[in-house]
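Colleague: mmCIF, C-alpha atoms, file target-v2.cif:
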```
data_run
#
loop_
_atom_site.label_atom_id
_atom_site.label_comp_id
_atom_site.auth_asym_id
_atom_site.auth_seq_id
_atom_site.Cartn_x
_atom_site.Cartn_y
_atom_site.Cartn_z
CA MET A 1 149.34 72.43 83.48
CA CYS A 2 149.94 68.91 84.70
CA ALA A 3 148.04 67.23 87.45
CA GLY A 4 149.58 64.47 89.51
CA ALA A 5 148.17 61.00 89.11
CA THR A 6 145.53 60.09 91.64
CA ALA A 7 143.75 56.87 92.39
CA ALA A 8 140.00 56.69 92.12
CA GLY A 9 138.45 57.80 95.40
CA ALA A 10 141.65 59.56 96.53
CA THR A 11 141.01 62.44 98.86
CA GLU A 12 144.09 64.42 97.80
CA VAL A 13 144.84 65.53 94.30
CA GLY A 14 148.08 67.05 93.05
CA LEU A 15 147.50 69.92 90.67
CA GLY A 16 150.92 71.17 89.61
CA ALA A 17 152.36 72.91 92.65
CA LEU A 18 148.99 72.74 94.36
CA ARG A 19 147.60 70.07 96.63
CA VAL A 20 143.84 69.78 96.72
CA ASP A 21 142.37 68.08 99.80
CA LEU A 22 138.96 66.98 98.56
CA ALA A 23 137.77 65.60 101.90
CA GLY A 24 138.95 68.59 103.90
CA ARG A 25 137.87 70.98 101.15
CA ARG A 26 141.19 72.80 101.29
CA VAL A 27 143.86 73.82 98.81
CA TYR A 28 147.54 74.16 99.63
CA GLY A 29 150.11 75.98 97.54
CA PRO A 30 153.85 76.49 98.00
CA GLY A 31 153.10 79.31 100.45
CA GLY A 32 150.59 77.37 102.54
CA GLU A 33 146.83 77.15 102.49
CA VAL A 34 144.98 79.12 99.84
CA ARG A 35 141.66 80.28 101.28
CA LEU A 36 138.74 79.67 98.96
CA THR A 37 135.14 80.68 99.50
CA ALA A 38 132.44 78.01 99.33
CA ARG A 39 131.37 79.00 95.82
CA GLU A 40 134.96 79.05 94.55
CA TRP A 41 135.46 75.62 96.07
CA ALA A 42 132.27 74.30 94.42
CA VAL A 43 133.58 75.28 90.98
CA LEU A 44 137.09 73.93 91.62
CA ALA A 45 135.83 70.66 93.12
CA LEU A 46 133.72 69.97 90.04
CA LEU A 47 136.66 70.65 87.72
CA VAL A 48 139.02 68.50 89.79
CA ALA A 49 136.50 65.65 89.99
CA ALA A 50 136.31 65.69 86.19
CA ARG A 51 139.97 66.42 85.59
CA GLY A 52 141.00 66.17 82.00
CA ARG A 53 137.42 66.53 80.81
CA VAL A 54 135.81 69.78 79.77
CA GLN A 55 133.02 70.97 82.06
CA SER A 56 130.46 73.15 80.37
CA ARG A 57 129.38 76.47 81.77
CA ALA A 58 125.95 74.96 82.51
CA MET A 59 127.55 72.20 84.58
CA LEU A 60 129.52 74.73 86.60
CA GLU A 61 126.41 76.88 87.02
CA ASP A 62 124.63 73.84 88.51
CA ALA A 63 127.28 73.73 91.24
CA LEU A 64 126.53 77.36 92.08
CA TYR A 65 122.75 76.83 92.14
CA SER A 66 123.13 74.86 95.37
CA PHE A 67 123.88 78.20 97.05
CA ASP A 68 121.51 80.53 95.27
CA GLU A 69 118.19 80.13 93.51
CA GLU A 70 119.31 82.70 90.96
CA ILE A 71 122.81 83.44 89.78
CA ALA A 72 124.20 86.18 87.60
CA GLY A 73 124.81 85.40 83.95
CA ASN A 74 128.56 85.87 84.34
CA ALA A 75 128.86 83.97 87.63
CA VAL A 76 130.97 81.12 86.23
CA GLU A 77 133.41 83.54 84.58
CA VAL A 78 133.77 85.49 87.81
CA TYR A 79 134.55 82.44 89.94
CA VAL A 80 136.93 80.99 87.37
CA SER A 81 138.69 84.35 87.26
CA ARG A 82 138.93 84.44 91.04
CA LEU A 83 140.32 80.90 91.14
CA ARG A 84 142.95 81.79 88.58
CA GLY A 85 143.88 84.81 90.67
CA LYS A 86 144.38 82.67 93.75
CA LEU A 87 145.75 79.45 92.29
CA GLY A 88 147.60 80.57 89.20
CA ALA A 89 146.54 81.78 85.79
CA ASP A 90 147.17 78.44 84.08
CA VAL A 91 145.45 76.12 86.58
CA ILE A 92 142.12 76.28 84.77
CA GLU A 93 142.14 76.11 80.99
CA THR A 94 139.44 77.59 78.80
CA ARG A 95 137.98 75.74 75.84
CA ARG A 96 136.32 78.58 74.08
CA GLY A 97 132.68 77.83 73.38
CA LEU A 98 132.87 74.52 75.29
CA GLY A 99 133.81 75.21 78.89
CA TYR A 100 136.72 74.76 81.30
CA LEU A 101 139.01 72.00 82.50
CA VAL A 102 141.95 71.23 84.75
CA ARG A 103 144.61 68.70 83.76
CA MET B 1 113.13 114.48 177.32
CA LEU B 2 116.05 112.54 175.82
CA LEU B 3 115.02 109.46 177.77
CA VAL B 4 111.51 109.63 176.27
CA VAL B 5 112.93 109.81 172.75
CA VAL B 6 115.25 106.84 173.35
CA ARG B 7 112.44 104.72 174.80
CA THR B 8 110.11 105.60 171.93
CA LEU B 9 112.74 104.74 169.36
CA SER B 10 113.63 101.47 171.10
CA GLY B 11 109.99 100.47 171.11
CA ALA B 12 109.57 101.27 167.46
CA LEU B 13 112.75 99.44 166.43
CA ALA B 14 112.12 96.30 168.51
CA PRO B 15 110.29 94.51 165.64
CA VAL B 16 113.27 95.34 163.38
CA ALA B 17 115.64 93.75 165.88
CA THR B 18 113.38 90.67 166.06
CA PHE B 19 113.32 90.49 162.26
CA VAL B 20 117.14 90.69 162.07
CA ALA B 21 117.51 88.07 164.80
CA GLU B 22 115.20 85.69 162.95
CA LEU B 23 117.28 86.03 159.80
CA ASP B 24 120.52 85.46 161.73
CA GLN B 25 119.17 82.30 163.37
CA ARG B 26 117.83 80.71 160.20
CA ARG B 27 119.34 77.45 159.03
CA ALA B 28 120.80 77.54 155.55
CA SER B 29 118.24 74.99 154.37
CA ASP B 30 115.27 76.95 155.69
CA LEU B 31 113.66 78.63 152.71
CA SER B 32 110.25 79.21 154.33
CA SER B 33 108.50 82.58 154.25
CA ILE B 34 109.95 85.29 156.47
CA GLN B 35 107.74 86.60 159.30
CA ALA B 36 107.35 90.37 159.21
CA GLU B 37 104.89 90.91 162.07
CA GLY B 38 105.24 94.21 163.78
CA LEU B 39 107.52 95.74 161.17
CA PRO B 40 106.73 99.33 160.27
CA ASP B 41 104.87 99.67 156.96
CA GLU B 42 107.88 101.44 155.45
CA LEU B 43 110.06 98.33 155.97
CA ARG B 44 107.58 95.66 154.85
CA PRO B 45 108.87 95.63 151.22
CA ILE B 46 112.15 94.17 152.56
CA PRO B 47 110.73 90.84 153.84
CA ARG B 48 108.45 90.65 150.79
CA ALA B 49 111.49 91.03 148.46
CA LEU B 50 113.40 88.47 150.51
CA ASP B 51 110.47 86.04 150.22
CA ARG B 52 110.46 86.40 146.44
CA TYR B 53 114.23 85.77 146.45
CA LEU B 54 113.78 82.63 148.57
CA VAL B 55 111.13 81.34 146.15
CA ARG B 56 113.61 81.73 143.28
CA ILE B 57 116.33 79.92 145.24
CA GLU B 58 113.88 77.10 146.05
CA ALA B 59 113.02 76.76 142.34
CA LEU B 60 116.72 76.74 141.43
CA LEU B 61 117.51 74.06 143.97
CA ALA B 62 114.56 71.97 142.79
CA ALA B 63 115.84 72.28 139.20
CA GLU B 64 119.32 71.18 140.29
CA ARG B 65 117.85 68.17 142.12
CA ASP B 66 115.81 67.24 139.04
CA PHE B 67 118.87 67.66 136.84
CA SER B 68 120.99 65.35 139.00
CA ALA B 69 118.21 62.75 139.12
CA ASN B 70 117.70 62.95 135.34
CA ALA B 71 121.45 62.75 134.62
CA ALA B 72 121.74 59.67 136.85
CA HIS B 73 118.75 58.06 135.11
CA GLU B 74 120.10 58.86 131.62
CA LEU B 75 123.47 57.32 132.50
CA ARG B 76 122.03 54.31 134.29
CA THR B 77 120.08 52.97 131.31
CA PRO B 78 122.95 52.54 128.80
CA LEU B 79 125.28 51.39 131.59
CA ALA B 80 122.78 48.68 132.52
CA VAL B 81 122.61 47.61 128.88
CA ALA B 82 126.42 47.51 128.64
CA ALA B 83 126.71 45.54 131.89
CA ALA B 84 124.10 42.98 130.81
CA GLN B 85 125.68 42.46 127.39
CA ALA B 86 129.18 42.27 128.90
CA GLN B 87 127.91 39.57 131.29
CA ILE B 88 126.58 37.57 128.34
CA ILE B 89 129.95 37.91 126.57
CA ALA B 90 131.82 36.90 129.76
CA GLU B 91 129.71 33.75 129.97
CA GLY B 92 130.69 32.90 126.41
CA ARG B 93 127.13 33.27 125.14
CA GLY B 94 127.53 36.58 123.34
CA GLY B 95 128.28 36.97 119.68
CA PRO B 96 129.04 40.05 117.59
CA LYS B 97 125.55 41.37 118.33
CA ALA B 98 126.28 41.56 122.07
CA ALA B 99 129.64 43.20 121.40
CA ARG B 100 127.98 45.80 119.16
CA ALA B 101 125.40 46.50 121.87
CA VAL B 102 128.20 47.15 124.38
CA VAL B 103 129.97 49.47 121.96
CA ALA B 104 126.73 51.37 121.25
CA ALA B 105 125.88 51.69 124.95
CA VAL B 106 129.37 52.93 125.84
CA ALA B 107 129.21 55.41 122.95
CA LYS B 108 125.92 56.72 124.31
CA VAL B 109 127.37 57.12 127.80
CA THR B 110 130.45 58.84 126.36
CA ALA B 111 128.33 61.28 124.34
CA LEU B 112 126.17 62.06 127.36
CA VAL B 113 129.18 62.61 129.63
CA GLU B 114 130.71 64.91 126.99
CA ARG B 115 127.49 66.96 126.94
CA LEU B 116 127.42 67.09 130.76
CA LEU B 117 131.01 68.32 130.80
CA GLU B 118 130.16 70.90 128.16
CA LEU B 119 127.22 72.06 130.27
CA ALA B 120 129.52 72.40 133.28
CA ARG B 121 131.94 74.47 131.17
CA ALA B 122 129.07 76.61 129.89
CA GLU B 123 127.81 77.25 133.42
CA ALA B 124 131.32 77.99 134.67
CA GLY B 125 131.54 80.81 132.15
CA ILE B 126 133.68 79.49 129.29
CA GLY B 127 135.30 82.05 127.05
CA ARG B 128 134.89 85.14 129.15
CA GLU B 129 138.34 86.49 128.44
CA GLY B 130 138.84 88.57 125.30
CA ASP B 131 139.72 86.45 122.31
CA ARG B 132 138.98 86.25 118.61
CA CYS B 133 138.68 83.61 115.95
CA ASP B 134 137.64 82.96 112.37
CA LEU B 135 134.04 81.78 112.36
CA LEU B 136 134.49 80.00 109.02
CA GLN B 137 137.47 78.00 110.22
CA VAL B 138 135.57 76.83 113.30
CA LEU B 139 132.53 75.92 111.20
CA ARG B 140 134.59 73.93 108.68
CA LEU B 141 136.12 71.87 111.47
CA LEU B 142 132.74 71.25 113.09
CA ILE B 143 131.09 70.26 109.81
CA ALA B 144 133.96 67.89 108.96
CA ASP B 145 133.21 66.20 112.30
CA LEU B 146 129.62 65.37 111.25
CA PRO B 147 129.97 62.36 108.94
CA GLY B 148 126.72 61.21 107.42
CA CYS B 149 125.04 64.57 107.82
CA PRO B 150 124.98 66.62 104.61
CA VAL B 151 125.69 70.25 105.47
CA LEU B 152 125.90 73.03 102.91
CA LEU B 153 128.08 75.85 104.21
CA ASP B 154 127.29 79.15 102.50
CA ASP B 155 130.02 81.56 103.55
CA GLY B 156 128.41 84.46 101.70
CA ASP B 157 131.57 84.67 99.57
CA LEU B 158 133.56 85.74 102.61
CA GLU B 159 137.06 84.35 103.09
CA VAL B 160 137.36 85.26 106.76
CA VAL B 161 134.71 86.22 109.31
CA GLU B 162 136.38 87.26 112.54
CA VAL B 163 134.43 87.28 115.78
CA ALA B 164 135.49 88.71 119.13
CA ALA B 165 134.99 85.40 120.89
CA ASP B 166 136.87 82.43 122.27
CA PRO B 167 136.99 79.67 119.59
CA ASP B 168 136.12 77.02 122.20
CA ALA B 169 132.96 78.89 123.15
CA VAL B 170 132.03 79.38 119.47
CA ALA B 171 132.57 75.66 118.84
CA LEU B 172 130.55 74.76 121.94
CA VAL B 173 127.52 76.73 120.75
CA LEU B 174 127.68 75.94 117.04
CA GLY B 175 128.68 72.31 117.59
CA ASN B 176 125.61 71.67 119.73
CA LEU B 177 123.30 73.52 117.33
CA LEU B 178 124.72 71.56 114.37
CA ARG B 179 124.39 68.21 116.16
CA ASN B 180 120.80 69.12 117.03
CA ALA B 181 120.12 70.04 113.39
CA CYS B 182 121.60 66.75 112.15
CA GLU B 183 119.60 64.80 114.71
CA HIS B 184 116.24 66.21 113.61
CA ARG B 185 116.75 66.92 109.90
CA VAL B 186 114.55 65.45 107.21
CA GLY B 187 116.73 67.06 104.52
CA PRO B 188 120.13 68.69 104.11
CA VAL B 189 121.23 71.23 106.69
CA ARG B 190 122.16 74.68 105.39
CA VAL B 191 124.55 76.93 107.33
CA THR B 192 124.66 80.55 106.23
CA VAL B 193 127.34 82.89 107.53
CA GLY B 194 126.73 86.62 107.48
CA PRO B 195 129.18 89.47 107.93
CA ALA B 196 127.28 90.85 110.97
CA PRO B 197 128.85 88.40 112.10
CA SER B 198 126.14 85.78 112.35
CA VAL B 199 125.48 82.12 111.66
CA GLU B 200 122.10 80.75 110.64
CA ILE B 201 121.52 77.00 110.70
CA ALA B 202 118.39 76.01 108.76
CA THR B 203 117.14 72.44 108.95
CA PRO B 204 114.12 70.95 107.18
CA VAL B 205 112.11 69.26 109.93
CA ALA B 206 108.96 67.12 110.19
CA PRO B 207 105.61 68.86 110.78
CA GLY B 208 104.95 69.56 114.45
CA SER B 209 108.66 69.82 115.29
CA ALA B 210 109.66 72.24 118.02
CA PHE B 211 112.82 73.43 119.73
CA ARG B 212 113.03 71.94 123.22
CA GLU B 213 115.44 73.87 125.43
CA GLY B 214 114.64 72.11 128.70
CA ARG B 215 117.36 69.83 130.03
CA PHE B 216 116.83 66.23 128.93
CA ALA B 217 113.84 67.46 126.93
CA ARG B 218 113.52 65.43 123.74
CA GLY B 219 111.00 64.95 121.02
CA ALA B 220 109.53 61.53 120.25
CA GLY B 221 112.08 59.27 118.61
CA SER B 222 115.04 61.54 119.30
CA THR B 223 118.28 59.82 120.21
CA GLY B 224 120.07 63.01 121.26
CA SER B 225 121.18 63.82 124.79
CA GLY B 226 118.49 66.45 125.33
CA LEU B 227 121.19 68.82 126.58
CA GLY B 228 122.52 70.45 123.41
CA LEU B 229 120.13 73.39 123.14
CA GLY B 230 120.47 74.08 126.86
CA ILE B 231 124.28 74.18 126.53
CA ALA B 232 124.03 76.55 123.57
CA ARG B 233 121.54 78.81 125.36
CA THR B 234 123.54 78.90 128.62
CA THR B 235 126.77 79.80 126.80
CA VAL B 236 125.13 82.43 124.62
CA ASP B 237 123.38 84.07 127.57
CA ARG B 238 126.53 84.15 129.70
CA LEU B 239 128.60 85.68 126.92
CA GLU B 240 125.80 88.09 125.96
CA TRP B 241 125.58 86.89 122.39
CA GLU B 242 122.16 86.42 120.77
CA LEU B 243 120.42 83.14 119.94
CA ASP B 244 117.06 82.98 118.15
CA LEU B 245 115.29 79.66 117.63
CA VAL B 246 112.27 79.63 115.32
CA ILE B 247 110.32 77.13 113.23
CA ARG B 248 109.37 78.71 109.91
CA ASP B 249 108.16 77.27 106.59
CA GLY B 250 108.99 73.69 107.55
CA ALA B 251 112.48 74.55 108.73
CA ALA B 252 114.00 74.82 112.20
CA ILE B 253 116.17 77.92 112.16
CA ALA B 254 118.83 78.67 114.77
CA ARG B 255 120.53 82.03 114.40
CA VAL B 256 123.46 83.23 116.50
CA ASN B 257 124.71 86.81 116.44
CA PHE B 258 128.31 87.16 117.59
CA PRO B 259 130.29 90.19 118.70
CA GLY B 260 132.27 91.25 115.66
CA CYS B 261 135.80 92.51 115.06
CA GLY B 262 134.63 94.58 112.11
CA ALA B 263 132.84 93.16 109.13
CA GLY B 264 134.36 90.55 106.87
CA PHE B 265 135.26 91.66 103.41
CA PRO B 266 133.09 90.19 100.67
CA LEU B 267 134.87 89.76 97.39
CA PRO B 268 133.48 91.46 94.28
CA GLY B 269 130.54 89.31 93.26
CA PRO B 270 129.30 88.21 89.84
CA ASN B 271 126.84 91.06 89.75
CA VAL B 272 129.56 93.71 89.93
CA ARG B 273 132.13 92.29 87.60
CA ALA B 274 131.65 92.01 83.89
CA GLY B 275 132.56 88.66 82.41
CA SER B 276 135.74 88.69 80.37
CA ASP B 277 136.09 85.04 79.66
CA SER B 278 133.59 83.05 77.63
CA GLY B 279 134.40 79.42 78.30
#
```
Could you quickly redo this structure as structure tokens?

Modeller:
Amino acid sequence: MCAGATAAGATEVGLGALRVDLAGRRVYGPGGEVRLTAREWAVLALLVAARGRVQSRAMLEDALYSFDEEIAGNAVEVYVSRLRGKLGADVIETRRGLGYLVR
Amino acid sequence: MLLVVVRTLSGALAPVATFVAELDQRRASDLSSIQAEGLPDELRPIPRALDRYLVRIEALLAAERDFSANAAHELRTPLAVAAAQAQIIAEGRGGPKAARAVVAAVAKVTALVERLLELARAEAGIGREGDRCDLLQVLRLLIADLPGCPVLLDDGDLEVVEVAADPDAVALVLGNLLRNACEHRVGPVRVTVGPAPSVEIATPVAPGSAFREGRFARGAGSTGSGLGLGIARTTVDRLEWELDLVIRDGAAIARVNFPGCGAGFPLPGPNVRAGSDSG
């Protein structure tokens, strides 16, 4: 999965066939806008902000703690799975035992 | 015999005729108490009810007069500031500070006029016709229009929350509640959307804070228009939605219940799906 080059502070990021509008908190695919929930967006935004670098499960859980005081043990896996379902199976890569990343 | 009955009836109904004549001859501006002398006991509740109605009209007119006077006063102050600073600039004595003061004063007038127009729309019955919109879409647009105010939008893992309401009316209510929250916050604002459908705006506020719904009613130090809560309340009441305003545990909480189009559809959450990926 290749991400388009983006300048530091850019508000739009190319992610393969996807366009991620960081300021508007929206994602656009070839078929138009892909609706994400706030928690899905929180996980994706963290991965996109750190593109190319692995984000640990704990880091992604921190993003979800802003919504809930307690989260389920498999919360990160569920939201990553949902994002793959909406954006494409290869958008988020797994580094087994380390975490997730987007390129 | 018939003549006796007619005379008796005429005598008994004479006070009624006097009462009707007095009402007919009243000037529109005369809201004084209605005289009911001589009326039969059975008819006395009518003038008493009319008196109560006139008292309500008098109060309404007094409120309208106060509102006009307050609106004029609120507009006059920033306009006077703008005029004074513009005069200084025109005389070549003003620097960037004077120009900034003009810009700030005009911005204040603009914001106030926008709120007054919104109030007029609310009172005219905005959004009465059947319509529907996505609550989340409206909220995202409103929140994006609040730079400098951190707002966490918790959509409850819903992708779409449809309400049976005009999007302009939804934006009018939620926009004013959000601006009010941002104005008085001492911490980040949290907006929680429920499938009911409902929106709850929770704002950490300073001790002693209170919701002030009166027109041009403001707390100490507030720079708001003092109209926002009144606009929200007027719109909600006219459209028969529900608005609850409470201060609880250091937070000002505004909750709006909207007419729904059927519940939104929450996606399967983490608690119902076993993890299959161990990143």

Colleague: Find the spatial neighbours of Leu239 (chain B), counting all atoms listed in the file, within a cut-off of 12 Å - ignore same-chain residues fewer than 3 positions away - and output them as a PyMOL selection string.

Modeller: chain B and resi 122-130+164-166+169-170+173+232-236+242-243+256-259

Colleague: Between CA of Ile253 (chain B) and CA of Cys149 (chain B), what is the spacing in Å?

Modeller: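 The value is 16.6 Å.
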
Colleague: Might you spell out which residues the PyMOL selection byres ((chain A) within 10 of (chain B)) would select in the displayed file, as number ranges by chain?

Modeller: A: 23-26, 35-40, 54-57, 66-68, 71-82, 93-101

Colleague: Provide the CA of Gly175 (chain B) to CA of Ala63 (chain A) distance in Å, to one decimal place.

Modeller: 26.4 Å

Colleague: Find, counting all atoms listed in the file, the residue in B:Lys108, B:Pro15, B:Glu162, B:Tyr53 that gets nearest to Gln35 (chain B).

Modeller: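 Ranking B:Lys108, B:Pro15, B:Glu162, B:Tyr53 by distance to Gln35 (chain B), first place goes to B:Pro15.
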
Colleague: Applied to the shown file, which residues does the PyMOL selection byres ((chain B and resi 114) around 12) return, written as an mmCIF file with C-alpha atoms, in the frame of the given file?

Modeller:
```cif
data_model
loop_
_atom_site.group_PDB
_atom_site.id
_atom_site.type_symbol
_atom_site.label_atom_id
_atom_site.label_comp_id
_atom_site.auth_asym_id
_atom_site.auth_seq_id
_atom_site.Cartn_x
_atom_site.Cartn_y
_atom_site.Cartn_z
ATOM 1 C CA LEU B 75 123.470 57.320 132.500
ATOM 2 C CA ALA B 107 129.210 55.410 122.950
ATOM 3 C CA LYS B 108 125.920 56.720 124.310
ATOM 4 C CA VAL B 109 127.370 57.120 127.800
ATOM 5 C CA THR B 110 130.450 58.840 126.360
ATOM 6 C CA ALA B 111 128.330 61.280 124.340
ATOM 7 C CA LEU B 112 126.170 62.060 127.360
ATOM 8 C CA VAL B 113 129.180 62.610 129.630
ATOM 9 C CA ARG B 115 127.490 66.960 126.940
ATOM 10 C CA LEU B 116 127.420 67.090 130.760
ATOM 11 C CA LEU B 117 131.010 68.320 130.800
ATOM 12 C CA GLU B 118 130.160 70.900 128.160
ATOM 13 C CA LEU B 119 127.220 72.060 130.270
ATOM 14 C CA ALA B 120 129.520 72.400 133.280
ATOM 15 C CA ARG B 121 131.940 74.470 131.170
ATOM 16 C CA LEU B 172 130.550 74.760 121.940
ATOM 17 C CA ASN B 176 125.610 71.670 119.730
ATOM 18 C CA SER B 225 121.180 63.820 124.790
ATOM 19 C CA LEU B 227 121.190 68.820 126.580
ATOM 20 C CA GLY B 228 122.520 70.450 123.410
ATOM 21 C CA ILE B 231 124.280 74.180 126.530
#
```

Colleague: One decimal, Å: what's the distance from CA of Glu33 (chain A) over to CA of Asp131 (chain B), could you say?

Modeller: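 CA of Asp131 (chain B) lies 23.0 Å from CA of Glu33 (chain A).
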
Colleague: Considering only C-alpha atoms, can you say which of A:Gly32, A:Gly16, A:Leu22, A:Val102 comes closest to Ala45 (chain A)?

Modeller: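 Looking at the shortest contact to Ala45 (chain A), the residue is A:Leu22.
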
Colleague: Determine the residue membership of the PyMOL selection byres ((chain B and resi 82) around 12) for the file above and supply it as a VMD selection string.

Modeller: chain B and resid 75 to 81 83 to 90 98 to 109

Colleague: Limited to C-alpha atoms, could you put the picked residues into a file as a PDB file, in the frame of the given file?

Modeller:
```pdb
ATOM      1  CA  LEU B  75     123.470  57.320 132.500  1.00  0.00           C
ATOM      2  CA  ARG B  76     122.030  54.310 134.290  1.00  0.00           C
ATOM      3  CA  THR B  77     120.080  52.970 131.310  1.00  0.00           C
ATOM      4  CA  PRO B  78     122.950  52.540 128.800  1.00  0.00           C
ATOM      5  CA  LEU B  79     125.280  51.390 131.590  1.00  0.00           C
ATOM      6  CA  ALA B  80     122.780  48.680 132.520  1.00  0.00           C
ATOM      7  CA  VAL B  81     122.610  47.610 128.880  1.00  0.00           C
ATOM      8  CA  ALA B  83     126.710  45.540 131.890  1.00  0.00           C
ATOM      9  CA  ALA B  84     124.100  42.980 130.810  1.00  0.00           C
ATOM     10  CA  GLN B  85     125.680  42.460 127.390  1.00  0.00           C
ATOM     11  CA  ALA B  86     129.180  42.270 128.900  1.00  0.00           C
ATOM     12  CA  GLN B  87     127.910  39.570 131.290  1.00  0.00           C
ATOM     13  CA  ILE B  88     126.580  37.570 128.340  1.00  0.00           C
ATOM     14  CA  ILE B  89     129.950  37.910 126.570  1.00  0.00           C
ATOM     15  CA  ALA B  90     131.820  36.900 129.760  1.00  0.00           C
ATOM     16  CA  ALA B  98     126.280  41.560 122.070  1.00  0.00           C
ATOM     17  CA  ALA B  99     129.640  43.200 121.400  1.00  0.00           C
ATOM     18  CA  ARG B 100     127.980  45.800 119.160  1.00  0.00           C
ATOM     19  CA  ALA B 101     125.400  46.500 121.870  1.00  0.00           C
ATOM     20  CA  VAL B 102     128.200  47.150 124.380  1.00  0.00           C
ATOM     21  CA  VAL B 103     129.970  49.470 121.960  1.00  0.00           C
ATOM     22  CA  ALA B 104     126.730  51.370 121.250  1.00  0.00           C
ATOM     23  CA  ALA B 105     125.880  51.690 124.950  1.00  0.00           C
ATOM     24  CA  VAL B 106     129.370  52.930 125.840  1.00  0.00           C
ATOM     25  CA  ALA B 107     129.210  55.410 122.950  1.00  0.00           C
ATOM     26  CA  LYS B 108     125.920  56.720 124.310  1.00  0.00           C
ATOM     27  CA  VAL B 109     127.370  57.120 127.800  1.00  0.00           C
TER      28      VAL B 109
END
```

Colleague: Rebuild N, CA and C atoms on region 155-169 of chain B, as a PDB file, in the coordinates of the input?

Modeller:
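Contents of result-v3.pdb, freshly written:
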```pdb
ATOM      1  N   ASP B 155     129.221  80.557 102.831  1.00  0.00           N
ATOM      2  CA  ASP B 155     130.020  81.560 103.550  1.00  0.00           C
ATOM      3  C   ASP B 155     129.770  82.968 103.050  1.00  0.00           C
ATOM      4  N   GLY B 156     128.732  83.126 102.172  1.00  0.00           N
ATOM      5  CA  GLY B 156     128.410  84.460 101.700  1.00  0.00           C
ATOM      6  C   GLY B 156     129.554  85.088 100.912  1.00  0.00           C
ATOM      7  N   ASP B 157     130.391  84.229 100.337  1.00  0.00           N
ATOM      8  CA  ASP B 157     131.570  84.670  99.570  1.00  0.00           C
ATOM      9  C   ASP B 157     132.565  85.453 100.441  1.00  0.00           C
ATOM     10  N   LEU B 158     132.586  85.123 101.715  1.00  0.00           N
ATOM     11  CA  LEU B 158     133.560  85.740 102.610  1.00  0.00           C
ATOM     12  C   LEU B 158     134.709  84.744 102.834  1.00  0.00           C
ATOM     13  N   GLU B 159     135.916  85.245 102.843  1.00  0.00           N
ATOM     14  CA  GLU B 159     137.060  84.350 103.090  1.00  0.00           C
ATOM     15  C   GLU B 159     137.320  84.198 104.576  1.00  0.00           C
ATOM     16  N   VAL B 160     137.104  85.255 105.313  1.00  0.00           N
ATOM     17  CA  VAL B 160     137.360  85.260 106.760  1.00  0.00           C
ATOM     18  C   VAL B 160     136.229  86.036 107.436  1.00  0.00           C
ATOM     19  N   VAL B 161     135.695  85.479 108.508  1.00  0.00           N
ATOM     20  CA  VAL B 161     134.710  86.220 109.310  1.00  0.00           C
ATOM     21  C   VAL B 161     135.187  86.177 110.759  1.00  0.00           C
ATOM     22  N   GLU B 162     135.829  87.235 111.177  1.00  0.00           N
ATOM     23  CA  GLU B 162     136.380  87.260 112.540  1.00  0.00           C
ATOM     24  C   GLU B 162     135.315  87.638 113.557  1.00  0.00           C
ATOM     25  N   VAL B 163     135.321  86.935 114.677  1.00  0.00           N
ATOM     26  CA  VAL B 163     134.430  87.280 115.780  1.00  0.00           C
ATOM     27  C   VAL B 163     135.269  87.522 117.028  1.00  0.00           C
ATOM     28  N   ALA B 164     134.788  88.424 117.870  1.00  0.00           N
ATOM     29  CA  ALA B 164     135.490  88.710 119.130  1.00  0.00           C
ATOM     30  C   ALA B 164     135.016  87.700 120.162  1.00  0.00           C
ATOM     31  N   ALA B 165     135.465  86.457 120.005  1.00  0.00           N
ATOM     32  CA  ALA B 165     134.990  85.400 120.890  1.00  0.00           C
ATOM     33  C   ALA B 165     136.009  84.271 120.948  1.00  0.00           C
ATOM     34  N   ASP B 166     136.004  83.584 122.069  1.00  0.00           N
ATOM     35  CA  ASP B 166     136.870  82.430 122.270  1.00  0.00           C
ATOM     36  C   ASP B 166     136.454  81.299 121.318  1.00  0.00           C
ATOM     37  N   PRO B 167     137.377  80.726 120.543  1.00  0.00           N
ATOM     38  CA  PRO B 167     136.990  79.670 119.590  1.00  0.00           C
ATOM     39  C   PRO B 167     136.340  78.464 120.259  1.00  0.00           C
ATOM     40  N   ASP B 168     136.739  78.138 121.490  1.00  0.00           N
ATOM     41  CA  ASP B 168     136.120  77.020 122.200  1.00  0.00           C
ATOM     42  C   ASP B 168     134.641  77.293 122.470  1.00  0.00           C
ATOM     43  N   ALA B 169     134.351  78.537 122.861  1.00  0.00           N
ATOM     44  CA  ALA B 169     132.960  78.890 123.150  1.00  0.00           C
ATOM     45  C   ALA B 169     132.142  78.887 121.859  1.00  0.00           C
TER      46      ALA B 169
END
```
